[in-house]
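Engineer: Dropping a structure here in structure tokens format, bear with me for questions.
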Amino acid sequence: MKLYIYDHCPFCVRARMAFGLFDVDAEQIILANDDEDTPIGMIGAKQVPILQKPDGSFMGESLDIVRWVSEYAGQTLTQTIRPEIQAWFDKVNAYQNKLVWPRNIKLGLPDYPTQSAIDYFVKKKEATIGKFEEHLNNTPQYLAELHTDLAELEKLVVSTEALAGELSMEDIIIFPVLRNLTMVRGLALPEKLLAYVNNMSKAAKVPLYFDRAL
């Protein structure tokens with residue numbers, strides 16, 4: 001099997017988690033961010049992750065891939081998401097890209113092997129959130145809001161091994177957000193959340209960004 005991804009992509013992290021957590025082998029292929037032809041040729045759209053299954057067919061949509069890998073491995077993944085977890089995700093997801101997008105192009109990730117790939121990403125994303133430099137300058141403001149939200153999330157942590165006490169779709173949607181936020185210098189994760197992020201990173205085989213945060 002092959003899994004086509006970007007390193008920075010939280011939806012790709014969802015799929016990567018499934019392979020790591022359920023101990024299923026797949027070759028992970030990182031595409032250049034400006035490569036439109038490869039994904040369009042596979043699923044008719046410029047999006048990742050894309051799974052090439054053992055029969056050679058392609059599958060898109062991160063949560064569909066997660067569920068497929070779970071079934072393939074014969075593993076149980078609880079589908080329930082607590083309303084308060086979903087509400088937290090929706091709130092933080094509304095602004096976290098203002099912290100993440102301006103930074104991930106500066107980390108030396110394989111998603112951006114050329115200046116063309118960087119320029120492609122910047123043009124597309126600035127059309128959505130505005131100038132990256134302005135958001136970098138607003139980091140203290142965003143971090144203050146984030147730290148308040150992280151304190152609320154910590155109250156919902158049942159276990160530092162899995163948010164709800166057992167592996168569930170909550171982990172699949174929340175860990176990728178927390179993982180990408182580790183690229184932000186000054187991020188202060190509460191004790192239980194820090195333990196959770198480190199434990200899930202190890203279990204899912206998805207490295208964090210603490211060592212290159214900026």
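By convention here, the chains of the structure tokens are called A, B, ... in the order presented, each chain's residues are numbered starting at 1, and ligands are numbered starting at 1 in the order presented.
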Please list as a VMD selection string every residue within 8 Å of Leu189 in chain A, counting only C-alpha atoms and excluding residues in the same chain fewer than 3 positions away.

Structural biologist: chain A and resid 147 150 193 to 194

Engineer: Check which residues of range 25-141 of chain A sit at most 10 Å from range 201-213 of chain A using only C-alpha atoms, and return one row each with the closest pair of atoms and their distance in Å to one decimal, ordered by chain and rising number, as JSON lines.

Structural biologist:
{"residue": "A:Arg103", "atom": "CA", "partner": "A:Ala213", "partner_atom": "CA", "distance": 8.4}
{"residue": "A:Asn104", "atom": "CA", "partner": "A:Ala213", "partner_atom": "CA", "distance": 9.4}
{"residue": "A:Lys106", "atom": "CA", "partner": "A:Arg212", "partner_atom": "CA", "distance": 9.5}
{"residue": "A:Leu107", "atom": "CA", "partner": "A:Arg212", "partner_atom": "CA", "distance": 6.7}
{"residue": "A:Gly108", "atom": "CA", "partner": "A:Arg212", "partner_atom": "CA", "distance": 9.3}

Engineer: How many Å lie between CA of Leu31 in chain A and CA of Ala45 in chain A, rounded to one decimal?

Structural biologist: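 Straight-line distance from CA of Leu31 in chain A to CA of Ala45 in chain A works out to 13.9 Å.
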
Engineer: Give me, as JSON lines, the closest atom pair and its distance (Å, one decimal) for every residue of range 20-104 of chain A within a cut-off of 10 Å of range 126-135 of chain A, counting only C-alpha atoms, rows sorted by chain and rising number.

Structural biologist:
{"residue": "A:Tyr95", "atom": "CA", "partner": "A:Ile129", "partner_atom": "CA", "distance": 9.2}
{"residue": "A:Asn97", "atom": "CA", "partner": "A:Ile129", "partner_atom": "CA", "distance": 8.2}
{"residue": "A:Lys98", "atom": "CA", "partner": "A:His135", "partner_atom": "CA", "distance": 5.8}
{"residue": "A:Leu99", "atom": "CA", "partner": "A:His135", "partner_atom": "CA", "distance": 6.8}
{"residue": "A:Val100", "atom": "CA", "partner": "A:His135", "partner_atom": "CA", "distance": 9.6}
{"residue": "A:Trp101", "atom": "CA", "partner": "A:Phe132", "partner_atom": "CA", "distance": 7.6}
{"residue": "A:Pro102", "atom": "CA", "partner": "A:Phe132", "partner_atom": "CA", "distance": 5.0}
{"residue": "A:Arg103", "atom": "CA", "partner": "A:Phe132", "partner_atom": "CA", "distance": 8.6}

Engineer: Give me the residues within 9 Å of range 155-159 of chain A as a PDB file with N, CA, C and O atoms, in the first residue's frame, counting only C-alpha atoms and dropping any in the same chain fewer than 2 places off.

Structural biologist:
ATOM      1  N   GLU A  84     -18.600  18.309  23.467  1.00  0.00           N
ATOM      2  CA  GLU A  84     -17.696  19.350  23.941  1.00  0.00           C
ATOM      3  C   GLU A  84     -16.332  19.281  23.230  1.00  0.00           C
ATOM      4  O   GLU A  84     -15.666  20.305  23.049  1.00  0.00           O
ATOM      5  N   ILE A  85     -15.936  18.066  22.831  1.00  0.00           N
ATOM      6  CA  ILE A  85     -14.705  17.919  22.047  1.00  0.00           C
ATOM      7  C   ILE A  85     -14.906  18.495  20.647  1.00  0.00           C
ATOM      8  O   ILE A  85     -14.049  19.205  20.114  1.00  0.00           O
ATOM      9  N   LEU A 150      -6.649  25.713  25.365  1.00  0.00           N
ATOM     10  CA  LEU A 150      -5.949  24.483  25.755  1.00  0.00           C
ATOM     11  C   LEU A 150      -6.260  24.113  27.201  1.00  0.00           C
ATOM     12  O   LEU A 150      -6.375  22.926  27.538  1.00  0.00           O
ATOM     13  N   ALA A 151      -6.394  25.102  28.052  1.00  0.00           N
ATOM     14  CA  ALA A 151      -6.758  24.834  29.449  1.00  0.00           C
ATOM     15  C   ALA A 151      -8.138  24.189  29.524  1.00  0.00           C
ATOM     16  O   ALA A 151      -8.378  23.303  30.364  1.00  0.00           O
ATOM     17  N   GLU A 152      -9.040  24.611  28.653  1.00  0.00           N
ATOM     18  CA  GLU A 152     -10.374  24.007  28.608  1.00  0.00           C
ATOM     19  C   GLU A 152     -10.298  22.576  28.081  1.00  0.00           C
ATOM     20  O   GLU A 152     -10.991  21.688  28.584  1.00  0.00           O
ATOM     21  N   LEU A 153      -9.473  22.353  27.068  1.00  0.00           N
ATOM     22  CA  LEU A 153      -9.340  21.000  26.520  1.00  0.00           C
ATOM     23  C   LEU A 153      -8.773  20.035  27.556  1.00  0.00           C
ATOM     24  O   LEU A 153      -9.202  18.876  27.636  1.00  0.00           O
ATOM     25  N   GLU A 161      -3.194   8.641  27.332  1.00  0.00           N
ATOM     26  CA  GLU A 161      -2.983   7.679  26.243  1.00  0.00           C
ATOM     27  C   GLU A 161      -4.033   7.839  25.148  1.00  0.00           C
ATOM     28  O   GLU A 161      -3.766   7.592  23.968  1.00  0.00           O
ATOM     29  N   ALA A 162      -5.234   8.233  25.523  1.00  0.00           N
ATOM     30  CA  ALA A 162      -6.331   8.451  24.584  1.00  0.00           C
ATOM     31  C   ALA A 162      -7.314   9.408  25.242  1.00  0.00           C
ATOM     32  O   ALA A 162      -7.659   9.229  26.417  1.00  0.00           O
ATOM     33  N   LEU A 163      -7.773  10.397  24.498  1.00  0.00           N
ATOM     34  CA  LEU A 163      -8.557  11.470  25.109  1.00  0.00           C
ATOM     35  C   LEU A 163      -9.758  10.979  25.894  1.00  0.00           C
ATOM     36  O   LEU A 163     -10.045  11.453  26.987  1.00  0.00           O
ATOM     37  N   ALA A 164     -10.469  10.016  25.325  1.00  0.00           N
ATOM     38  CA  ALA A 164     -11.693   9.525  25.957  1.00  0.00           C
ATOM     39  C   ALA A 164     -11.450   8.292  26.822  1.00  0.00           C
ATOM     40  O   ALA A 164     -12.404   7.701  27.328  1.00  0.00           O
ATOM     41  N   GLY A 165     -10.196   7.911  26.990  1.00  0.00           N
ATOM     42  CA  GLY A 165      -9.869   6.726  27.776  1.00  0.00           C
ATOM     43  C   GLY A 165      -9.650   5.498  26.926  1.00  0.00           C
ATOM     44  O   GLY A 165      -9.047   4.519  27.375  1.00  0.00           O
ATOM     45  N   GLU A 166     -10.151   5.518  25.692  1.00  0.00           N
ATOM     46  CA  GLU A 166      -9.892   4.480  24.706  1.00  0.00           C
ATOM     47  C   GLU A 166      -9.753   5.152  23.349  1.00  0.00           C
ATOM     48  O   GLU A 166     -10.305   6.231  23.126  1.00  0.00           O
ATOM     49  N   LYS A 192      -1.105  17.598  31.278  1.00  0.00           N
ATOM     50  CA  LYS A 192      -1.766  16.401  30.761  1.00  0.00           C
ATOM     51  C   LYS A 192      -1.796  16.384  29.240  1.00  0.00           C
ATOM     52  O   LYS A 192      -1.624  15.323  28.612  1.00  0.00           O
ATOM     53  N   LEU A 193      -1.990  17.537  28.627  1.00  0.00           N
ATOM     54  CA  LEU A 193      -2.005  17.605  27.167  1.00  0.00           C
ATOM     55  C   LEU A 193      -0.626  17.354  26.591  1.00  0.00           C
ATOM     56  O   LEU A 193      -0.492  16.705  25.546  1.00  0.00           O
ATOM     57  N   TYR A 196      -0.126  13.724  26.686  1.00  0.00           N
ATOM     58  CA  TYR A 196      -0.961  13.104  25.649  1.00  0.00           C
ATOM     59  C   TYR A 196      -0.327  13.244  24.274  1.00  0.00           C
ATOM     60  O   TYR A 196      -0.235  12.271  23.514  1.00  0.00           O
TER      61      TYR A 196
END

Engineer: I need the residue nearest Arg16 in chain A from this list: A:Thr38, A:Ser168, A:Asn33, A:Gln28. Use only C-alpha atoms for the distance.

Structural biologist: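 Of the candidates, the smallest distance to Arg16 in chain A is held by A:Gln28.
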